[in-house]
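model-v4.txt follows; it contains compact mmCIF, C-alpha atoms.
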# COMPACT_ATOMS: atom_id res chain seq x y z
CA MET A 285 -65.58 153.57 -33.53
CA LYS A 286 -68.84 155.47 -33.16
CA ASN A 287 -70.36 158.60 -34.69
CA ILE A 288 -72.95 161.22 -33.86
CA LEU A 289 -74.18 164.22 -35.82
CA TYR A 290 -73.61 167.69 -34.38
CA LYS A 291 -75.30 170.41 -36.45
CA ASN A 292 -75.39 167.93 -39.35
CA THR A 293 -71.64 167.41 -38.98
CA LYS A 294 -70.17 163.95 -38.34
CA VAL A 295 -68.28 163.56 -35.06
CA SER A 296 -66.24 160.42 -34.43
CA PHE A 297 -65.49 158.98 -30.98
CA THR A 298 -64.58 155.80 -29.10
CA ASP A 299 -66.04 154.34 -25.92
CA SER A 300 -64.08 151.72 -23.94
CA GLY A 301 -64.25 150.11 -20.52
CA GLU A 302 -66.63 150.53 -17.58
CA GLY A 303 -66.76 152.71 -14.50
CA ASN A 304 -66.48 156.45 -13.93
CA ALA A 305 -66.15 158.33 -17.21
CA ILE A 306 -62.86 159.84 -18.41
CA VAL A 307 -62.91 161.98 -21.57
CA LEU A 308 -59.61 162.43 -23.44
CA LEU A 309 -59.40 165.43 -25.78
CA HIS A 310 -56.55 165.80 -28.27
CA GLY A 311 -54.81 169.01 -29.28
CA PHE A 312 -54.38 170.96 -32.51
CA LEU A 313 -53.20 168.75 -35.44
CA GLU A 314 -53.80 165.64 -33.32
CA ASN A 315 -56.69 163.17 -33.18
CA LYS A 316 -58.16 160.53 -30.89
CA LYS A 317 -55.60 157.92 -32.00
CA MET A 318 -52.95 159.70 -29.92
CA TRP A 319 -54.57 158.22 -26.80
CA ALA A 320 -54.44 154.53 -27.81
CA GLU A 321 -51.90 153.48 -25.18
CA TYR A 322 -53.64 155.51 -22.47
CA VAL A 323 -57.06 154.09 -23.35
CA GLU A 324 -55.68 150.58 -22.97
CA LEU A 325 -54.41 151.41 -19.48
CA PHE A 326 -57.27 153.59 -18.22
CA SER A 327 -60.08 151.35 -19.50
CA GLU A 328 -59.00 148.62 -17.10
CA LYS A 329 -60.64 150.72 -14.37
CA TYR A 330 -62.63 153.47 -16.08
CA ARG A 331 -64.99 154.13 -18.97
CA VAL A 332 -62.81 156.04 -21.42
CA ILE A 333 -64.15 158.22 -24.23
CA THR A 334 -61.95 159.76 -26.90
CA ILE A 335 -63.36 162.28 -29.37
CA ASP A 336 -62.11 163.69 -32.66
CA LEU A 337 -62.69 167.43 -32.31
CA LEU A 338 -64.15 169.35 -35.25
CA GLY A 339 -62.03 169.18 -38.40
CA HIS A 340 -59.65 166.62 -36.93
CA GLY A 341 -59.30 162.86 -37.33
CA GLU A 342 -62.55 161.36 -38.60
CA SER A 343 -64.75 164.28 -37.55
CA ASP A 344 -65.84 166.67 -40.27
CA SER A 345 -65.38 170.44 -40.32
CA LEU A 346 -68.35 172.53 -39.21
CA GLY A 347 -67.42 175.78 -40.91
CA TYR A 348 -64.64 178.34 -41.24
CA VAL A 349 -64.26 178.96 -37.50
CA HIS A 350 -64.30 176.17 -34.92
CA GLU A 351 -64.99 177.98 -31.67
CA MET A 352 -64.00 176.25 -28.45
CA GLU A 353 -67.66 176.49 -27.41
CA ASP A 354 -68.73 174.46 -30.45
CA ASN A 355 -66.19 171.77 -29.62
CA ALA A 356 -67.39 171.82 -25.99
CA SER A 357 -70.96 171.28 -27.24
CA VAL A 358 -69.66 168.35 -29.31
CA VAL A 359 -68.26 166.80 -26.12
CA TYR A 360 -71.59 167.37 -24.36
CA GLU A 361 -73.57 165.76 -27.19
CA VAL A 362 -71.27 162.71 -27.19
CA LEU A 363 -71.76 162.30 -23.43
CA GLU A 364 -75.53 162.76 -23.83
CA SER A 365 -75.60 160.04 -26.48
CA LEU A 366 -73.82 157.72 -24.04
CA LYS A 367 -76.08 158.76 -21.13
CA ILE A 368 -73.08 159.95 -19.12
CA GLU A 369 -74.02 162.70 -16.65
CA LYS A 370 -70.60 163.54 -15.20
CA ALA A 371 -67.05 163.03 -16.42
CA THR A 372 -63.44 163.83 -15.69
CA ILE A 373 -62.05 165.66 -18.71
CA LEU A 374 -58.42 165.66 -19.77
CA GLY A 375 -57.44 168.05 -22.55
CA HIS A 376 -54.08 168.31 -24.26
CA SER A 377 -53.24 171.84 -25.49
CA MET A 378 -56.25 172.90 -27.63
CA GLY A 379 -58.17 170.06 -25.97
CA GLY A 380 -57.62 171.89 -22.69
CA TYR A 381 -59.21 175.03 -24.15
CA VAL A 382 -62.21 172.90 -25.13
CA ALA A 383 -62.34 171.30 -21.67
CA LEU A 384 -62.42 174.75 -20.05
CA ALA A 385 -65.21 175.89 -22.37
CA PHE A 386 -67.08 172.71 -21.42
CA ALA A 387 -66.59 173.48 -17.71
CA GLU A 388 -68.08 176.94 -18.21
CA LEU A 389 -71.01 175.85 -20.39
CA PHE A 390 -71.85 172.60 -18.60
CA PRO A 391 -70.63 172.99 -14.99
CA LYS A 392 -72.86 170.21 -13.65
CA ASN A 393 -71.30 167.68 -16.03
CA ILE A 394 -67.63 168.02 -15.06
CA LYS A 395 -66.14 166.07 -12.18
CA LYS A 396 -62.41 166.86 -12.51
CA LEU A 397 -60.23 168.66 -15.04
CA VAL A 398 -56.73 167.91 -16.32
CA LEU A 399 -54.97 170.60 -18.35
CA LEU A 400 -52.12 168.81 -20.10
CA ASN A 401 -49.67 171.34 -21.59
CA SER A 402 -52.54 173.79 -21.80
CA THR A 403 -53.66 177.11 -20.31
CA SER A 404 -56.78 178.92 -19.15
CA LYS A 405 -55.39 182.22 -20.45
CA GLU A 406 -56.53 183.70 -23.74
CA ASP A 407 -54.05 184.40 -26.54
CA SER A 408 -51.90 187.49 -26.12
CA ALA A 409 -51.91 190.08 -28.92
CA GLU A 410 -48.64 188.56 -30.17
CA LYS A 411 -50.06 185.02 -30.19
CA LYS A 412 -53.16 186.19 -32.07
CA LEU A 413 -50.89 187.72 -34.68
CA ASN A 414 -48.95 184.44 -34.87
CA ARG A 415 -52.22 182.53 -35.43
CA THR A 416 -52.99 184.82 -38.38
CA ARG A 417 -49.50 184.24 -39.75
CA ALA A 418 -49.96 180.48 -39.29
CA ILE A 419 -53.19 180.57 -41.32
CA LYS A 420 -51.34 182.30 -44.15
CA ALA A 421 -48.42 179.85 -43.90
CA VAL A 422 -50.54 176.70 -43.98
CA LYS A 423 -52.44 177.98 -47.02
CA GLN A 424 -49.13 178.61 -48.81
CA ASN A 425 -47.37 175.34 -47.94
CA TYR A 426 -49.48 172.81 -46.05
CA VAL A 427 -46.88 170.04 -45.68
CA ASN A 428 -44.09 172.36 -44.62
CA PHE A 429 -46.31 174.10 -42.05
CA VAL A 430 -47.50 170.84 -40.47
CA SER A 431 -44.01 169.30 -40.38
CA LEU A 432 -42.48 172.34 -38.68
CA ALA A 433 -45.39 172.76 -36.30
CA ILE A 434 -45.08 169.18 -35.03
CA ALA A 435 -41.29 169.22 -34.57
CA ASN A 436 -41.55 172.50 -32.65
CA LEU A 437 -43.83 170.96 -30.02
CA PHE A 438 -41.01 168.85 -28.57
CA SER A 439 -38.14 170.16 -26.48
CA GLU A 440 -34.94 170.47 -28.52
CA ASN A 441 -33.11 167.71 -26.66
CA ASN A 442 -35.92 165.24 -27.51
CA ARG A 443 -36.12 165.88 -31.25
CA THR A 444 -33.43 163.32 -32.01
CA ARG A 445 -34.25 160.86 -29.21
CA LEU A 446 -37.92 160.73 -30.19
CA ALA A 447 -37.48 161.03 -33.97
CA ALA A 448 -39.60 157.93 -34.67
CA GLU A 449 -42.41 159.11 -32.39
CA ILE A 450 -42.32 162.58 -33.91
CA GLU A 451 -42.67 161.07 -37.38
CA LYS A 452 -45.77 159.14 -36.26
CA VAL A 453 -47.31 162.35 -34.89
CA ARG A 454 -46.46 164.15 -38.14
CA GLU A 455 -48.09 161.40 -40.23
CA GLN A 456 -51.32 161.74 -38.25
CA ALA A 457 -51.16 165.54 -38.39
CA LEU A 458 -50.88 165.45 -42.18
CA LYS A 459 -54.30 163.78 -42.28
CA THR A 460 -55.88 166.94 -40.85
CA PRO A 461 -57.71 168.78 -43.64
CA LEU A 462 -56.76 172.37 -44.44
CA GLN A 463 -60.20 173.63 -43.46
CA GLY A 464 -59.91 171.91 -40.08
CA ILE A 465 -56.52 173.53 -39.46
CA VAL A 466 -57.63 177.04 -40.44
CA ALA A 467 -60.95 176.82 -38.57
CA SER A 468 -59.15 175.65 -35.40
CA LEU A 469 -56.54 178.42 -35.62
CA GLU A 470 -59.36 180.96 -36.00
CA GLY A 471 -61.19 179.43 -33.03
CA MET A 472 -58.14 179.42 -30.75
CA LYS A 473 -57.38 183.01 -31.70
CA ILE A 474 -60.76 184.29 -30.49
CA ARG A 475 -61.17 182.07 -27.44
CA LYS A 476 -62.11 183.65 -24.11
CA ASP A 477 -59.88 183.91 -21.07
CA ARG A 478 -61.10 181.36 -18.52
CA GLU A 479 -58.61 181.86 -15.70
CA TRP A 480 -61.53 182.65 -13.39
CA LEU A 481 -62.63 179.01 -13.61
CA LEU A 482 -59.42 177.92 -11.90
CA GLN A 483 -59.56 180.76 -9.38
CA GLU A 484 -63.01 179.74 -8.17
CA ASN A 485 -61.87 176.21 -7.22
CA ARG A 486 -65.15 174.71 -8.43
CA PHE A 487 -63.72 171.24 -9.10
CA PRO A 488 -60.35 169.48 -8.72
CA VAL A 489 -57.82 170.64 -11.32
CA LEU A 490 -54.49 169.11 -12.32
CA LEU A 491 -52.16 171.30 -14.39
CA ILE A 492 -49.30 169.51 -16.15
CA LEU A 493 -46.54 171.64 -17.64
CA GLY A 494 -43.23 171.22 -19.43
CA ARG A 495 -40.45 173.55 -18.26
CA LYS A 496 -39.01 173.64 -21.79
CA ASP A 497 -42.37 173.92 -23.54
CA PRO A 498 -41.74 175.88 -26.78
CA VAL A 499 -45.44 176.84 -26.98
CA LEU A 500 -46.40 177.82 -23.43
CA ASN A 501 -44.22 179.99 -21.23
CA TYR A 502 -43.67 177.99 -18.05
CA GLU A 503 -43.50 180.92 -15.59
CA GLU A 504 -46.57 182.60 -17.08
CA SER A 505 -48.46 179.31 -16.87
CA LEU A 506 -47.74 179.01 -13.15
CA ALA A 507 -49.44 182.33 -12.43
CA GLN A 508 -52.90 181.04 -13.36
CA ILE A 509 -53.03 178.63 -10.39
CA GLU A 510 -51.59 180.94 -7.70
CA ASP A 511 -53.84 180.90 -4.61
CA THR A 512 -55.94 178.04 -6.00
CA THR A 513 -56.38 174.41 -4.97
CA ALA A 514 -55.11 173.18 -8.37
CA GLU A 515 -52.39 170.54 -8.34
CA LEU A 516 -49.25 171.12 -10.39
CA VAL A 517 -46.94 168.60 -12.04
CA SER A 518 -43.91 169.90 -13.93
CA PHE A 519 -41.70 167.92 -16.30
CA GLU A 520 -38.33 168.96 -17.70
CA ASP A 521 -39.39 168.64 -21.33
CA GLY A 522 -41.66 170.20 -23.95
CA HIS A 523 -45.30 170.50 -25.03
CA MET A 524 -45.86 166.77 -25.58
CA SER A 525 -45.73 165.38 -22.06
CA HIS A 526 -47.89 162.38 -23.05
CA ILE A 527 -44.99 161.28 -25.28
CA GLU A 528 -41.91 162.94 -23.79
CA ASN A 529 -42.76 161.91 -20.21
CA LYS A 530 -45.13 159.02 -20.86
CA GLU A 531 -44.08 156.57 -18.17
CA GLU A 532 -44.02 159.20 -15.40
CA LEU A 533 -47.35 160.64 -16.53
CA LYS A 534 -49.43 157.46 -16.45
CA PRO A 535 -49.38 156.85 -12.65
CA ILE A 536 -49.87 160.58 -11.99
CA LEU A 537 -53.06 160.60 -14.02
CA LEU A 538 -54.37 157.36 -12.51
CA ASP A 539 -53.80 158.79 -9.03
CA PHE A 540 -55.69 162.00 -9.90
CA PHE A 541 -58.60 160.08 -11.45
CA ASN A 542 -59.21 158.16 -8.22
Representation of the structure as structure tokens:
Amino acid sequence: MKNILYKNTKVSFTDSGEGNAIVLLHGFLENKKMWAEYVELFSEKYRVITIDLLGHGESDSLGYVHEMEDNASVVYEVLESLKIEKATILGHSMGGYVALAFAELFPKNIKKLVLLNSTSKEDSAEKKLNRTRAIKAVKQNYVNFVSLAIANLFSENNRTRLAAEIEKVREQALKTPLQGIVASLEGMKIRKDREWLLQENRFPVLLILGRKDPVLNYEESLAQIEDTTAELVSFEDGHMSHIENKEELKPILLDFFN
């Protein structure tokens, strides 16, 4: 476990293995521990960095709004501290928003991009309203909000089958401080649309979607890679492909990293 300071704020990360760099970015209410099994596999061939984004895991909160650009700068500073010039970045959900911000701000430092259950599109007016409602809900009943939010990430047919896994995710999510949750919701709400990054085909992109994702509309998500060179992988499950489709996902990612 390692730390750096970003704007006098502690950021926690891990660094494992040797070779070309792979950066794994968690989503909202998650932290770097979610990648443990993947780090073990990927670090046999690659140098794997996992980072706790602002207000998550063992990284402190920066303020009342965690913009995706700030998180992208955190990623850059971690790579700078490790003297890594170029990396493949994989982002799950909110981590994908951060990865896209990184690609815009630091184009020379990104080799490939994986959007795992994520999107380059900004929030719709309805989603922005839902973020505001979520902020109110988490302030009123933190435990209830987190518990519901986690269960709703999985497809309905997996909520019983993966009950033990869901509980582990919930336990980690409940370690996320209230300020980190609110600041991240505020940051996601105001994030920019970055669909143009995919349209310009600047670097290889892999988009991984769940057909029954309760968070991202599958058909709408497909539109962002029309007429691009991006690769698409679709699973029949929900928003948590790294858990719901773990064994199928591993070789797909290793193949793309090559």
Using only C-alpha atoms, what table do you get, as JSON lines, when you list each residue of range 326-433 of chain A with an atom no more than 6 Å from range 310-314 of chain A, its nearest pair of atoms, and their distance in Å rounded to one decimal, rows by chain then rising number?
{"residue": "A:His376", "atom": "CA", "partner": "A:Gly311", "partner_atom": "CA", "distance": 5.1}
{"residue": "A:Ser377", "atom": "CA", "partner": "A:Gly311", "partner_atom": "CA", "distance": 5.0}
{"residue": "A:Met378", "atom": "CA", "partner": "A:Gly311", "partner_atom": "CA", "distance": 4.5}
{"residue": "A:Gly379", "atom": "CA", "partner": "A:Gly311", "partner_atom": "CA", "distance": 4.8}
Which residue is closest to Lys316 in chain A? Choose from A:His350, A:Ile450, A:Gln456, A:Ser431 and count all atoms listed in the file. A:Gln456
With 5 Å on each side, where is the centre of the axis-aligned box around all listed atoms of range 312-321 of chain A, and how long are its edges in Å to one decimal, as lines of an AutoDock Vina configuration file?
center_x = -55.0
center_y = 162.2
center_z = -30.3
size_x = 16.3
size_y = 27.5
size_z = 20.3
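Considering only C-alpha atoms, the residue among A:Ala457, A:Ala467, A:Leu400, A:Ile419 positioned nearest to Ser345 in chain A is A:Ala467.
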Å distance separating CA of Val307 in chain A from CA of Phe429 in chain A, one decimal place: 29.0 Å
Quick one, how far is CA of Lys370 in chain A from CA of Thr403 in chain A?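 Pair CA of Lys370 in chain A / CA of Thr403 in chain A returns 22.3 Å.
Proximity ranking of A:Glu470, A:Glu388, A:Glu353, A:Glu406 relative to Arg486 in chain A places A:Glu388 first, based on all atoms listed in the file.
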Neighbour list for range 523-539 of chain A as a compact mmCIF listing (two decimals) with C-alpha atoms, in the frame of the given file, cut-off 7 Å, all atoms listed in the file, skip fewer than 5 positions in-chain:
# COMPACT_ATOMS: atom_id res chain seq x y z
CA ASN A 401 -49.67 171.34 -21.59
CA LEU A 437 -43.83 170.96 -30.02
CA PHE A 438 -41.01 168.85 -28.57
CA GLY A 494 -43.23 171.22 -19.43
CA ASP A 497 -42.37 173.92 -23.54
CA PRO A 498 -41.74 175.88 -26.78
CA VAL A 499 -45.44 176.84 -26.98
Distance cut-off 6 Å, centre (-60.3, 167.9, -17.5) in file coordinates, counting all atoms listed in the file: which residues qualify? Return them as JSON, numbers by chain. {"A": [372, 373, 374, 375, 383, 396, 397, 398]}
Atomic distance CA of Glu302 in chain A - CA of Arg331 in chain A, expressed in Å with one decimal: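 Distance between the two atoms: 4.2 Å.
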